[in-house]
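Asks: Here you go, run-v9.cif (mmCIF, C-alpha atoms):
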data_final
#
loop_
_atom_site.label_atom_id
_atom_site.label_comp_id
_atom_site.auth_asym_id
_atom_site.auth_seq_id
_atom_site.Cartn_x
_atom_site.Cartn_y
_atom_site.Cartn_z
CA MET A 1 80.90 97.50 83.45
CA ALA A 2 77.17 97.33 82.81
CA GLY A 3 75.16 95.44 85.40
CA THR A 4 77.59 95.84 88.31
CA THR A 5 77.69 98.26 91.24
CA LEU A 6 80.84 98.63 93.34
CA ILE A 7 80.17 99.50 97.01
CA THR A 8 82.72 100.72 99.53
CA LEU A 9 82.45 102.09 103.07
CA ASN A 10 84.43 104.97 104.51
CA LYS A 11 84.99 106.58 107.87
CA GLY A 12 87.98 108.88 108.05
CA ARG A 13 89.98 106.92 105.48
CA ASP A 14 89.86 109.56 102.75
CA ALA A 15 93.43 108.90 101.58
CA HIS A 16 92.69 105.19 101.22
CA LEU A 17 89.44 105.98 99.42
CA ALA A 18 91.31 108.14 96.91
CA ARG A 19 93.64 105.24 96.06
CA LEU A 20 90.73 102.83 95.74
CA LEU A 21 89.00 105.17 93.29
CA GLU A 22 92.24 105.64 91.37
CA GLY A 23 92.34 101.87 90.96
CA VAL A 24 88.73 101.71 89.79
CA ALA A 25 89.48 104.45 87.25
CA ARG A 26 92.28 102.38 85.68
CA GLY A 27 90.03 99.51 84.60
CA PRO A 28 86.63 99.05 83.02
CA HIS A 29 84.33 101.04 85.28
CA PRO A 30 81.36 99.58 87.12
CA GLU A 31 77.97 100.85 86.05
CA ALA A 32 77.75 102.56 89.43
CA CYS A 33 80.03 103.25 92.38
CA ILE A 34 78.55 103.91 95.81
CA VAL A 35 80.54 105.25 98.75
CA VAL A 36 78.78 104.89 102.09
CA GLU A 37 80.16 107.44 104.52
CA MET A 38 79.73 106.20 108.08
CA GLY A 39 80.82 109.53 109.57
CA ALA A 40 79.92 113.13 108.85
CA GLU A 41 79.65 114.30 105.26
CA PRO A 42 83.19 114.87 103.90
CA PRO A 43 84.38 117.32 101.22
CA PRO A 44 83.37 116.63 97.60
CA LEU A 45 85.36 114.10 95.61
CA PRO A 46 87.28 115.00 92.45
CA ASP A 47 86.16 113.70 89.08
CA TYR A 48 87.50 110.18 88.54
CA GLY A 49 85.83 109.73 85.17
CA PHE A 50 82.89 107.62 86.34
CA PRO A 51 79.76 108.36 88.40
CA ILE A 52 80.11 108.11 92.17
CA ARG A 53 77.21 108.37 94.58
CA ARG A 54 77.79 109.08 98.26
CA ILE A 55 75.44 108.11 101.07
CA VAL A 56 76.02 109.70 104.48
CA LEU A 57 74.98 107.74 107.58
CA ASN A 58 76.72 110.03 110.11
CA SER A 59 76.67 107.30 112.72
CA PRO A 60 78.85 106.65 115.78
CA GLY A 61 81.16 103.64 115.71
CA LEU A 62 81.51 101.35 112.69
CA PRO A 63 78.02 100.22 111.63
CA LEU A 64 79.48 97.90 108.97
CA ALA A 65 76.40 95.73 108.41
CA ARG A 66 74.07 98.71 108.21
CA ALA A 67 76.41 100.57 105.87
CA ARG A 68 76.78 97.65 103.45
CA ASN A 69 73.03 97.20 103.37
CA ALA A 70 72.61 100.92 102.67
CA GLY A 71 74.95 100.52 99.72
CA ARG A 72 72.90 97.65 98.37
CA GLN A 73 69.65 99.62 98.76
CA ALA A 74 71.15 102.38 96.62
CA ALA A 75 72.19 99.92 93.89
CA ALA A 76 70.04 99.14 90.85
CA THR A 77 72.17 96.52 89.12
CA GLY A 78 72.07 92.74 89.05
CA ASN A 79 75.56 92.30 90.52
CA LEU A 80 77.25 93.81 93.56
CA ILE A 81 80.96 94.05 94.35
CA PHE A 82 81.86 95.02 97.92
CA LEU A 83 85.37 96.40 98.32
CA ASP A 84 86.82 97.66 101.61
CA VAL A 85 88.06 101.22 101.49
CA ASP A 86 91.64 100.21 102.28
CA CYS A 87 91.80 97.98 99.17
CA ILE A 88 92.99 99.04 95.72
CA PRO A 89 91.40 96.93 92.97
CA SER A 90 93.41 95.47 90.12
CA ALA A 91 92.38 96.89 86.76
CA ASP A 92 90.55 93.66 85.90
CA LEU A 93 88.79 93.10 89.22
CA VAL A 94 85.41 94.59 88.24
CA PRO A 95 85.03 92.88 84.85
CA ARG A 96 86.38 89.53 85.98
CA LEU A 97 84.31 89.29 89.17
CA SER A 98 81.30 90.37 87.10
CA ALA A 99 82.03 87.53 84.67
CA ASP A 100 82.33 85.09 87.58
CA LEU A 101 78.90 86.17 88.83
CA GLY A 102 77.50 85.38 85.41
CA GLU A 103 78.78 81.83 85.79
CA ALA A 104 78.22 81.02 89.46
CA ASP A 105 75.80 81.95 92.21
CA GLY A 106 77.69 82.39 95.46
CA LEU A 107 79.77 84.69 97.62
CA ILE A 108 82.79 85.07 95.34
CA CYS A 109 85.99 86.27 96.97
CA CYS A 110 89.07 87.43 95.12
CA GLU A 111 92.63 87.33 96.42
CA ILE A 112 93.94 90.08 98.69
CA ARG A 113 97.61 90.93 98.76
CA TYR A 114 98.70 92.81 101.88
CA LEU A 115 101.03 95.75 101.38
CA PRO A 116 103.72 96.84 103.84
CA ALA A 117 103.84 100.47 104.97
CA GLY A 118 105.06 102.87 102.31
CA SER A 119 104.12 100.66 99.36
CA VAL A 120 101.60 103.05 97.80
CA MET A 121 103.03 106.31 96.51
CA ASP A 122 101.95 108.79 93.84
CA GLY A 123 102.52 107.11 90.50
CA TRP A 124 101.96 103.62 91.90
CA THR A 125 101.67 100.77 89.44
CA GLU A 126 99.78 97.52 89.68
CA VAL A 127 102.98 95.63 88.88
CA GLY A 128 104.66 97.32 91.83
CA LEU A 129 101.80 96.57 94.21
CA ARG A 130 101.70 92.95 93.15
CA ALA A 131 105.43 92.59 93.77
CA ALA A 132 105.21 94.24 97.20
CA GLY A 133 102.06 92.47 98.36
CA HIS A 134 101.92 89.40 100.59
CA PRO A 135 99.24 86.72 100.14
CA HIS A 136 97.19 85.67 103.13
CA PRO A 137 98.71 82.53 104.69
CA VAL A 138 95.38 80.76 105.33
CA ARG A 139 93.32 81.44 102.20
CA HIS A 140 94.46 79.71 99.04
CA PHE A 141 93.19 80.78 95.63
CA PRO A 142 93.11 78.72 92.44
CA ALA A 143 95.33 79.50 89.47
CA HIS A 144 92.31 79.40 87.18
CA GLY A 145 88.56 79.60 87.55
CA MET A 146 86.85 79.26 90.91
CA ALA A 147 87.22 76.84 93.82
CA ARG A 148 84.56 76.16 96.43
CA SER A 149 85.56 76.48 100.08
CA ASP A 150 84.16 73.93 102.47
CA ASN A 151 84.68 76.37 105.35
CA PRO A 152 82.34 79.39 105.29
CA GLY A 153 84.46 80.83 108.10
CA LEU A 154 87.10 81.66 105.48
CA PHE A 155 84.78 84.10 103.73
CA TRP A 156 86.05 87.66 103.87
CA SER A 157 84.19 90.82 103.00
CA LEU A 158 87.25 92.83 101.96
CA ALA A 159 86.60 92.10 98.29
CA PHE A 160 83.72 89.93 97.15
CA GLY A 161 80.99 89.78 94.57
CA VAL A 162 77.43 88.56 94.90
CA ARG A 163 74.33 88.61 92.74
CA THR A 164 71.89 91.20 94.03
CA ALA A 165 69.06 88.65 94.10
CA THR A 166 71.20 86.34 96.23
CA PHE A 167 72.13 89.15 98.62
CA ASP A 168 68.42 89.95 98.97
CA ARG A 169 67.58 86.28 99.50
CA LEU A 170 69.94 86.40 102.49
CA ASN A 171 68.31 89.64 103.69
CA GLY A 172 71.74 91.22 103.46
CA PHE A 173 73.99 91.60 106.47
CA ASP A 174 72.36 91.22 109.87
CA GLU A 175 72.33 94.72 111.35
CA GLY A 176 72.06 93.19 114.80
CA PHE A 177 75.83 92.80 114.47
CA ASP A 178 76.67 96.35 115.46
CA GLY A 179 80.23 97.55 115.05
CA TYR A 180 83.29 95.47 114.29
CA GLY A 181 83.39 91.71 113.88
CA ALA A 182 81.45 88.60 112.80
CA GLU A 183 78.84 90.23 110.56
CA ASP A 184 80.57 88.85 107.46
CA THR A 185 81.09 85.37 108.95
CA ASP A 186 77.40 85.31 109.86
CA LEU A 187 76.48 86.15 106.26
CA ALA A 188 78.61 83.26 104.99
CA PHE A 189 77.19 80.77 107.51
CA ARG A 190 73.63 81.74 106.62
CA ALA A 191 74.51 81.42 102.94
CA ASP A 192 76.01 77.99 103.51
CA ALA A 193 72.84 76.86 105.26
CA LEU A 194 70.91 77.77 102.10
CA GLY A 195 73.36 76.02 99.79
CA ILE A 196 74.96 79.24 98.61
CA PRO A 197 78.71 78.55 98.42
CA VAL A 198 81.76 80.61 99.28
CA LEU A 199 83.92 80.59 96.15
CA PHE A 200 87.55 81.63 95.84
CA SER A 201 88.30 83.07 92.43
CA ALA A 202 91.43 83.48 90.38
CA SER A 203 89.80 86.57 88.88
CA GLY A 204 91.32 89.90 89.83
CA GLN A 205 93.11 90.95 92.98
CA ALA A 206 92.83 93.68 95.56
CA PHE A 207 95.79 95.27 97.30
CA HIS A 208 95.29 96.00 100.99
CA GLN A 209 96.79 99.35 101.95
CA HIS A 210 98.72 99.32 105.19
CA HIS A 211 97.23 101.08 108.18
CA GLY A 212 97.60 100.97 111.91
CA ALA A 213 96.13 97.85 113.50
CA CYS A 214 96.21 95.93 116.76
CA ASP A 215 96.59 92.19 117.29
CA PRO A 216 94.35 91.34 118.98
CA PRO A 217 92.09 94.31 118.08
CA LEU A 218 91.64 95.52 121.63
CA GLN A 219 90.26 98.83 120.37
CA TYR A 220 87.14 96.90 119.30
CA PHE A 221 86.92 94.78 122.44
CA ALA A 222 83.29 95.62 123.29
CA ASP A 223 82.12 95.10 119.69
CA ILE A 224 83.86 91.73 119.44
CA ILE A 225 82.39 90.43 122.71
CA ARG A 226 78.88 91.54 121.77
CA ASN A 227 79.00 90.24 118.19
CA ALA A 228 80.72 86.96 119.09
CA SER A 229 77.94 86.26 121.60
CA ARG A 230 75.27 87.01 118.99
CA PHE A 231 76.95 84.71 116.49
CA GLN A 232 77.29 81.87 119.01
CA ALA A 233 73.63 82.14 120.00
CA ARG A 234 72.61 81.74 116.35
CA HIS A 235 75.13 79.25 114.99
CA GLY A 236 76.23 77.30 118.07
CA LEU A 237 79.95 78.03 117.79
CA TRP A 238 82.21 80.91 118.62
CA PRO A 239 83.74 83.09 115.90
CA MET A 240 86.98 85.03 116.36
CA ASP A 241 88.10 82.39 118.86
CA GLY A 242 91.77 83.31 118.51
CA TRP A 243 91.01 86.85 119.62
CA LEU A 244 88.80 85.62 122.45
CA ASP A 245 91.59 83.32 123.63
CA SER A 246 93.93 86.31 123.60
CA PHE A 247 91.44 88.35 125.62
CA ALA A 248 91.28 85.54 128.17
CA ARG A 249 95.08 85.34 128.45
CA ARG A 250 95.10 89.06 129.25
CA GLY A 251 92.53 88.59 131.99
CA LEU A 252 89.87 90.59 130.13
CA ILE A 253 87.35 87.72 130.04
CA ASN A 254 86.95 84.45 131.94
CA PRO A 255 89.25 81.53 131.02
CA ASP A 256 86.29 79.22 130.35
CA TRP A 257 84.66 81.72 127.98
CA ARG A 258 83.52 78.94 125.62
CA ASN A 259 80.72 78.18 128.11
CA ALA A 260 79.66 81.83 128.36
CA ILE A 261 81.65 85.05 128.22
CA THR A 262 82.03 87.14 131.34
CA VAL A 263 83.85 90.44 130.93
CA LEU A 264 86.26 90.87 133.83
CA ARG A 265 87.66 94.23 132.85
CA LEU A 266 88.22 96.49 129.84
CA PRO A 267 91.59 96.82 128.10
CA THR A 268 93.65 99.79 129.19
CA ALA A 269 94.99 102.45 126.84
CA ASP A 270 98.51 101.11 127.45
CA GLU A 271 97.43 97.58 126.49
CA ILE A 272 95.91 98.85 123.26
CA VAL A 273 99.13 100.66 122.38
CA ALA A 274 101.20 97.57 123.19
CA ALA A 275 99.04 95.46 120.84
CA ARG A 276 99.81 97.60 117.81
CA VAL A 277 101.19 95.66 114.86
CA PRO A 278 104.67 96.88 113.82
CA SER A 279 104.61 98.95 110.61
CA ASP A 280 106.94 96.52 108.81
CA GLN A 281 104.43 93.68 109.14
CA PRO A 282 101.77 93.48 106.39
CA PHE A 283 99.21 91.83 108.71
#
Can you give me the file's structure in the form of structure tokens?

Replies:
Amino acid sequence: MAGTTLITLNKGRDAHLARLLEGVARGPHPEACIVVEMGAEPPPLPDYGFPIRRIVLNSPGLPLARARNAGRQAAATGNLIFLDVDCIPSADLVPRLSADLGEADGLICCEIRYLPAGSVMDGWTEVGLRAAGHPHPVRHFPAHGMARSDNPGLFWSLAFGVRTATFDRLNGFDEGFDGYGAEDTDLAFRADALGIPVLFSASGQAFHQHHGACDPPLQYFADIIRNASRFQARHGLWPMDGWLDSFARRGLINPDWRNAITVLRLPTADEIVAARVPSDQPF
């Protein structure tokens, strides 16, 4: 697909990356595909029938903002599609999001369908993934065209397109958000302040591959506290408030955290294990 670069980030999710690239290979290819490796350089990729460039950051933690910006800096096209490594694109995702970007200037999100464990096997089909996938209960997508969201907090970075010039106008993701959480919400709030809308599109879908997760994500406790505080200082409200409430109920932070967060203790290894989402739940 001339004029579009697809960017994904990876750290130890090589099996998920392989499925993502299989999905890209089944549709019209982007002009370029960039894989930003946040860990050490991995083994070479097989030939998927389209050019893939890898950038190695070899950084501790999950420098999501920095990695996405590195992907943009490597891109030379007018449109960008960011797709999380655990998402398999529908065959029409790249061309249809590219067409949307030709019509509208915004942060354009496509629908994600969450897959239960065991849904993706060798020989998977898009029809099978669509049947197995669960839509997100909060985000509602139009049957046709695009619909503007009045809540920039509903933006998600799992699968979205943006014009490169618009991304640059926003100065990309704020790399002061280090690690997990709030860097994408901050991008959407800054976009909203400039009149750049969050748009939900009927174009294409991505299928979220199941992986281990915690609710709340106690394994990212320090990142969430740090990034939530940065977001609140800039925008005047707290992101990820459901998770922060859960931290308070566990005695990890002060009950009146909305005034200012005080960390009382760190989560234990046992608490992190107990927060794991059962494998039969898609999210």

Asks: When the PyMOL selection byres ((chain A and resi 186) around 9) is applied to the file above, which residues end up in the set, as a list in words?

Replies: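 Answer for the PyMOL selection byres ((chain A and resi 186) around 9): Pro152, Gly153, Phe173, Asp174, Phe177, Ala182, Glu183, Asp184, Thr185, Leu187, Ala188, Phe189, Arg190, Ala191, Phe231, Arg234 and His235 of chain A.
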
Asks: If you take all atoms listed in the file and a cut-off of 8 Å, which residues of region 158-255 of chain A touch region 126-146 of chain A, and what are their nearest atom pairs and distances in Å to one decimal, in chain and number order, as a tab-separated table?

Replies:
residue	atom	partner	partner_atom	distance
A:Leu199	CA	A:Met146	CA	6.1
A:Phe200	CA	A:Met146	CA	5.5
A:Ser201	CA	A:Met146	CA	4.4
A:Ala202	CA	A:His144	CA	5.3
A:Ser203	CA	A:Gly145	CA	7.2
A:Phe207	CA	A:Leu129	CA	6.9

Asks: Generate the output file for the selected residues, C-alpha atoms, as a PDB file, keeping the file's coordinate frame.

Replies:
ATOM      1  CA  LEU A 199      83.920  80.590  96.150  1.00  0.00           C
ATOM      2  CA  PHE A 200      87.550  81.630  95.840  1.00  0.00           C
ATOM      3  CA  SER A 201      88.300  83.070  92.430  1.00  0.00           C
ATOM      4  CA  ALA A 202      91.430  83.480  90.380  1.00  0.00           C
ATOM      5  CA  SER A 203      89.800  86.570  88.880  1.00  0.00           C
ATOM      6  CA  PHE A 207      95.790  95.270  97.300  1.00  0.00           C
TER       7      PHE A 207
END

Asks: Could you tell me how far CA of Gly78 (chain A) sits from CA of Thr166 (chain A), in Å to one decimal place?

Replies: 9.7 Å

Asks: So which one's closest to Ala159 (chain A), A:Phe50, A:Phe82, A:Phe247, A:Trp257? Using all atoms listed in the file, please.

Replies: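 Of A:Phe50, A:Phe82, A:Phe247, A:Trp257, the one nearest Ala159 (chain A), counting all atoms listed in the file, is A:Phe82.
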
Asks: Rank A:Thr125, A:Asp105, A:Val198, A:Arg163 by their smallest atom-to-atom distance to Arg148 (chain A), using all atoms listed in the file, and report the top residue only.

Replies: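 For Arg148 (chain A), the nearest of the candidates is A:Val198.
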
Asks: What would region 99-117 of chain A look like with N, CA, C and O atoms in place, written as a PDB file, keeping the file's coordinate frame?

Replies:
ATOM      1  N   ALA A  99      82.129  88.732  85.491  1.00  0.00           N
ATOM      2  CA  ALA A  99      82.030  87.530  84.670  1.00  0.00           C
ATOM      3  C   ALA A  99      81.818  86.291  85.537  1.00  0.00           C
ATOM      4  O   ALA A  99      81.024  85.399  85.194  1.00  0.00           O
ATOM      5  N   ASP A 100      82.513  86.217  86.666  1.00  0.00           N
ATOM      6  CA  ASP A 100      82.330  85.090  87.580  1.00  0.00           C
ATOM      7  C   ASP A 100      80.876  85.000  88.050  1.00  0.00           C
ATOM      8  O   ASP A 100      80.304  83.903  88.146  1.00  0.00           O
ATOM      9  N   LEU A 101      80.278  86.165  88.340  1.00  0.00           N
ATOM     10  CA  LEU A 101      78.900  86.170  88.830  1.00  0.00           C
ATOM     11  C   LEU A 101      77.924  85.742  87.741  1.00  0.00           C
ATOM     12  O   LEU A 101      76.820  85.277  88.048  1.00  0.00           O
ATOM     13  N   GLY A 102      78.321  85.899  86.491  1.00  0.00           N
ATOM     14  CA  GLY A 102      77.500  85.380  85.410  1.00  0.00           C
ATOM     15  C   GLY A 102      77.548  83.873  85.310  1.00  0.00           C
ATOM     16  O   GLY A 102      76.634  83.252  84.763  1.00  0.00           O
ATOM     17  N   GLU A 103      78.608  83.284  85.865  1.00  0.00           N
ATOM     18  CA  GLU A 103      78.780  81.830  85.790  1.00  0.00           C
ATOM     19  C   GLU A 103      78.331  81.101  87.040  1.00  0.00           C
ATOM     20  O   GLU A 103      77.905  79.948  86.961  1.00  0.00           O
ATOM     21  N   ALA A 104      78.454  81.728  88.201  1.00  0.00           N
ATOM     22  CA  ALA A 104      78.220  81.020  89.460  1.00  0.00           C
ATOM     23  C   ALA A 104      77.448  81.894  90.433  1.00  0.00           C
ATOM     24  O   ALA A 104      77.675  83.113  90.518  1.00  0.00           O
ATOM     25  N   ASP A 105      76.572  81.269  91.180  1.00  0.00           N
ATOM     26  CA  ASP A 105      75.800  81.950  92.210  1.00  0.00           C
ATOM     27  C   ASP A 105      76.432  81.631  93.557  1.00  0.00           C
ATOM     28  O   ASP A 105      76.399  80.478  94.018  1.00  0.00           O
ATOM     29  N   GLY A 106      77.045  82.601  94.179  1.00  0.00           N
ATOM     30  CA  GLY A 106      77.690  82.390  95.460  1.00  0.00           C
ATOM     31  C   GLY A 106      78.256  83.685  95.992  1.00  0.00           C
ATOM     32  O   GLY A 106      78.036  84.766  95.428  1.00  0.00           O
ATOM     33  N   LEU A 107      78.973  83.590  97.089  1.00  0.00           N
ATOM     34  CA  LEU A 107      79.770  84.690  97.620  1.00  0.00           C
ATOM     35  C   LEU A 107      81.173  84.490  97.061  1.00  0.00           C
ATOM     36  O   LEU A 107      81.887  83.583  97.485  1.00  0.00           O
ATOM     37  N   ILE A 108      81.558  85.304  96.088  1.00  0.00           N
ATOM     38  CA  ILE A 108      82.790  85.070  95.340  1.00  0.00           C
ATOM     39  C   ILE A 108      83.864  86.035  95.818  1.00  0.00           C
ATOM     40  O   ILE A 108      83.742  87.256  95.652  1.00  0.00           O
ATOM     41  N   CYS A 109      84.902  85.482  96.415  1.00  0.00           N
ATOM     42  CA  CYS A 109      85.990  86.270  96.970  1.00  0.00           C
ATOM     43  C   CYS A 109      87.179  86.265  96.006  1.00  0.00           C
ATOM     44  O   CYS A 109      87.498  85.227  95.414  1.00  0.00           O
ATOM     45  N   CYS A 110      87.827  87.400  95.882  1.00  0.00           N
ATOM     46  CA  CYS A 110      89.070  87.430  95.120  1.00  0.00           C
ATOM     47  C   CYS A 110      90.247  87.566  96.085  1.00  0.00           C
ATOM     48  O   CYS A 110      90.083  87.876  97.268  1.00  0.00           O
ATOM     49  N   GLU A 111      91.430  87.327  95.578  1.00  0.00           N
ATOM     50  CA  GLU A 111      92.630  87.330  96.420  1.00  0.00           C
ATOM     51  C   GLU A 111      92.972  88.734  96.880  1.00  0.00           C
ATOM     52  O   GLU A 111      92.863  89.706  96.128  1.00  0.00           O
ATOM     53  N   ILE A 112      93.428  88.830  98.121  1.00  0.00           N
ATOM     54  CA  ILE A 112      93.940  90.080  98.690  1.00  0.00           C
ATOM     55  C   ILE A 112      95.437  89.914  98.889  1.00  0.00           C
ATOM     56  O   ILE A 112      95.894  88.906  99.428  1.00  0.00           O
ATOM     57  N   ARG A 113      96.179  90.900  98.463  1.00  0.00           N
ATOM     58  CA  ARG A 113      97.610  90.930  98.760  1.00  0.00           C
ATOM     59  C   ARG A 113      97.869  92.114  99.693  1.00  0.00           C
ATOM     60  O   ARG A 113      97.479  93.246  99.407  1.00  0.00           O
ATOM     61  N   TYR A 114      98.504  91.813 100.818  1.00  0.00           N
ATOM     62  CA  TYR A 114      98.700  92.810 101.880  1.00  0.00           C
ATOM     63  C   TYR A 114     100.003  93.569 101.653  1.00  0.00           C
ATOM     64  O   TYR A 114     101.060  92.960 101.473  1.00  0.00           O
ATOM     65  N   LEU A 115      99.895  94.890 101.691  1.00  0.00           N
ATOM     66  CA  LEU A 115     101.030  95.750 101.380  1.00  0.00           C
ATOM     67  C   LEU A 115     101.698  96.249 102.666  1.00  0.00           C
ATOM     68  O   LEU A 115     101.015  96.680 103.602  1.00  0.00           O
ATOM     69  N   PRO A 116     103.021  96.215 102.715  1.00  0.00           N
ATOM     70  CA  PRO A 116     103.720  96.840 103.840  1.00  0.00           C
ATOM     71  C   PRO A 116     103.566  98.357 103.814  1.00  0.00           C
ATOM     72  O   PRO A 116     103.149  98.939 102.800  1.00  0.00           O
ATOM     73  N   ALA A 117     103.895  99.002 104.908  1.00  0.00           N
ATOM     74  CA  ALA A 117     103.840 100.470 104.970  1.00  0.00           C
ATOM     75  C   ALA A 117     104.737 101.073 103.888  1.00  0.00           C
ATOM     76  O   ALA A 117     105.813 100.546 103.595  1.00  0.00           O
TER      77      ALA A 117
END
